[in-house]
Amino acid sequence: MKVEKEQALQQIHQQRFGKAGAIFAAPARVNLIGEHTDYTGGFVMPMAIDFHTVAVVSAREDGRAVFYSGNYDEEVSVKIDSLGQSPSGGWNDYPTGVLWSLRKEGVDVGGFNLSLAGDVPLGSGLSSSASVEVATAMALLGHAKAELPLEKVATLCRRAENDYVGAKSGIMDQFAVAGCVANRAMLLDCRSLEYELLPLPDQVRVVICNSMVKHAVATGEYGDRSSEVEAGQAVLQRERPGVKLLRDATLQDLEACRDLMSSASFKRCRHIITENARVVKARAALLQGDLERFGALLVEAHASFRDDFAASCEEVDVLVAIAMQQEECFGARITGGGFGGCSVNVVREEAAEQFVATVRREYAAKTGIEADCFVCTPADGAFALARKGGVA
Ligand code: GLA
């Protein structure tokens with residue numbers, strides 16, 4: 001599948017720029033558990049999925065960066081030497097931001113044509129922006145004949161999103177999209193950036209159900225939640241000497257500071273403290289092959305995200321409720337930044353197609369909306385794809 005996407009973009013690139021280029025790709029990701037924990041140094045458990053942004057890059061001699069988006073059928077050109085921190089509000093802020101961030105990192109990027117095209121559903125909590133950022137970074141590093149380690153690539157892509165595009169986000173998406181590998185979920189410690197690759201038992205499939213309610217990290221709600229979290233964290237840092245990041249706080253620490261923070265901050269922090277603990281338990285459950293336990297933790301995580309974090313939405317709650325009535329489903333929850341997007345469901349392999357049919361039917365009956373559903377297996381991240389020679 002990916003080979004076709006790559007060849008199709010190569011052809012377009014060749015027609016537009018008169019020469020073939022080098023091909024790179026980055027996948028999308030789904031987060032199994034650990035939501036809104038990343039920007040306070042906590043734990044997350046994402047895996048890469050089989051949607052991709054493909055990037056084709058070739059050199060040009062005039063010192064310009066020319067970006068072409070196959071999705072928008074639009075071309076944008078900037079002069080690399082005079083590139084400042086000046087986002088335009090358009091799609092090209094993501095790749096341009098990565099160029100800006102690479103230059104800040106000291107990477108010398110000469111003139112290039114970069115074509116991008118992707119099939120990652122937009123605004124669905126599956127990291128379409130990180131996919132574009134990481135595909136761009138891999139392509140421009142290849143073009144500059146430079147190599148950077150995974151942590152650096154993830155961090156500079158996050159900086160592009162935070163400081164150039166102007167969207168708050170943690171490190172999870174960029175790290176997962178760059179560093180995941182096939183058939184494994186990733187347990188990432190967002191403080192140390194150490195990670196572990198965990199097996200997903202063969203007898204399950206991860207099913208993603210898109211509520212079709214769109215959200216964007218760049219709009220206010222994600223920022224409201226992260227501000228509430230950061231305000232709570234600041235109180236804990238001030239009052240509890242051992243707490244450097246919210247990750248270090250216990251529920252007792254939080255309780256002791258209850259009257260010093262807004263009730264919103266208290267609840268948001270409670271979600272994060274309990275969520276970090278759930279990720280650690282989910283890791284143990286996976287290693288023991290205990291899918292019942294793993295699924296139960298997903299369901300708890302959903303309730304905490306809905307009630308304490310107040311970032312679910314009615315439609316995704318409906319998807320999760322339908323899923324949990326199906327015997328073949330071990331667990332389900334909302335995934336991603338919240339306020340719409342997708343549910344992630346862990347389902348018995350042999351019943352996955354049946355599960356999809358039931359969820360689609362019942363969701364349409366309850367909401368009038370046709371959900372897109374995908375049966376996924378963990379895919380390779382951009383580094384693994386590049387190691388395998390780009391074209392898988
Ligand atoms: C978005 C952000 C991530 C993370 C999730 C919530 O995807 O980009 O950094 O905070 O939301 O877990």
# chains A, B, ... in the order shown; residues from 1 in each chain; ligands from 1
call {"tool": "residues_around", "arguments": {"residues": "Leu156 (chain A)", "least_positions_apart": "5", "cutoff": "8 Å", "atoms": "only C-alpha atoms", "output": "list of chain:residue names"}}
result
A:Val98, A:Ser101, A:Leu102, A:Glu105
call {"tool": "residues_near_ligand", "arguments": {"ligand": "ligand 1", "cutoff": "6 Å", "atoms": "only C-alpha atoms and all ligand atoms", "output": "VMD selection string"}}
result
chain A and resid 35 to 36 38 125 169 to 173 336 to 337
call {"tool": "closest_residue", "arguments": {"among": "A:Phe175, A:Tyr68, A:Tyr94, A:Tyr39", "to": "Gly381 (chain A)", "atoms": "only C-alpha atoms"}}
result
A:Phe175
call {"tool": "residues_around", "arguments": {"residues": "Leu148 (chain A)", "least_positions_apart": "5", "cutoff": "10 Å", "atoms": "only C-alpha atoms", "output": "list in words"}}
result
Glu105, Val107, Ala137, Met138, Leu141, Val153 and Ala154 of chain A
call {"tool": "write_last_selection", "arguments": {"atoms": "N, CA, C and O atoms", "output": "mmCIF file, in the first residue's frame"}}
result
data_model
loop_
_atom_site.group_PDB
_atom_site.id
_atom_site.type_symbol
_atom_site.label_atom_id
_atom_site.label_comp_id
_atom_site.auth_asym_id
_atom_site.auth_seq_id
_atom_site.Cartn_x
_atom_site.Cartn_y
_atom_site.Cartn_z
ATOM 1 N N GLU A 105 18.815 24.061 14.763
ATOM 2 C CA GLU A 105 19.618 22.946 15.266
ATOM 3 C C GLU A 105 21.010 22.952 14.635
ATOM 4 O O GLU A 105 21.850 22.116 14.967
ATOM 5 N N VAL A 107 21.556 22.535 11.296
ATOM 6 C CA VAL A 107 21.637 21.717 10.085
ATOM 7 C C VAL A 107 21.610 22.658 8.869
ATOM 8 O O VAL A 107 20.724 23.513 8.751
ATOM 9 N N ALA A 137 11.151 16.292 8.276
ATOM 10 C CA ALA A 137 12.476 16.273 8.914
ATOM 11 C C ALA A 137 13.349 15.173 8.309
ATOM 12 O O ALA A 137 14.527 15.403 8.007
ATOM 13 N N MET A 138 12.773 14.000 8.109
ATOM 14 C CA MET A 138 13.570 12.897 7.554
ATOM 15 C C MET A 138 14.044 13.258 6.141
ATOM 16 O O MET A 138 15.195 13.006 5.772
ATOM 17 N N LEU A 141 16.732 16.055 6.330
ATOM 18 C CA LEU A 141 17.994 15.519 6.837
ATOM 19 C C LEU A 141 18.678 14.696 5.747
ATOM 20 O O LEU A 141 19.890 14.794 5.549
ATOM 21 N N VAL A 153 15.343 14.438 16.570
ATOM 22 C CA VAL A 153 14.356 14.636 15.500
ATOM 23 C C VAL A 153 12.982 14.902 16.109
ATOM 24 O O VAL A 153 12.277 15.843 15.716
ATOM 25 N N ALA A 154 12.629 14.110 17.123
ATOM 26 C CA ALA A 154 11.319 14.307 17.756
ATOM 27 C C ALA A 154 11.246 15.687 18.401
ATOM 28 O O ALA A 154 10.251 16.412 18.258
#
call {"tool": "closest_atom_pairs", "arguments": {"of": "region 15-93 of chain A", "to": "region 234-253 of chain A", "cutoff": "12 Å", "atoms": "only C-alpha atoms", "output": "CSV"}}
result
residue,atom,partner,partner_atom,distance
A:Gly34,CA,A:Arg247,CA,11.9
A:His36,CA,A:Leu246,CA,11.4
A:Thr37,CA,A:Arg247,CA,8.0
A:Asp38,CA,A:Arg247,CA,9.3
A:Tyr39,CA,A:Leu245,CA,9.3
A:Thr40,CA,A:Leu246,CA,5.6
A:Gly41,CA,A:Arg247,CA,5.8
A:Gly42,CA,A:Arg247,CA,5.2
A:Phe43,CA,A:Arg247,CA,8.4
A:Val44,CA,A:Arg247,CA,11.8
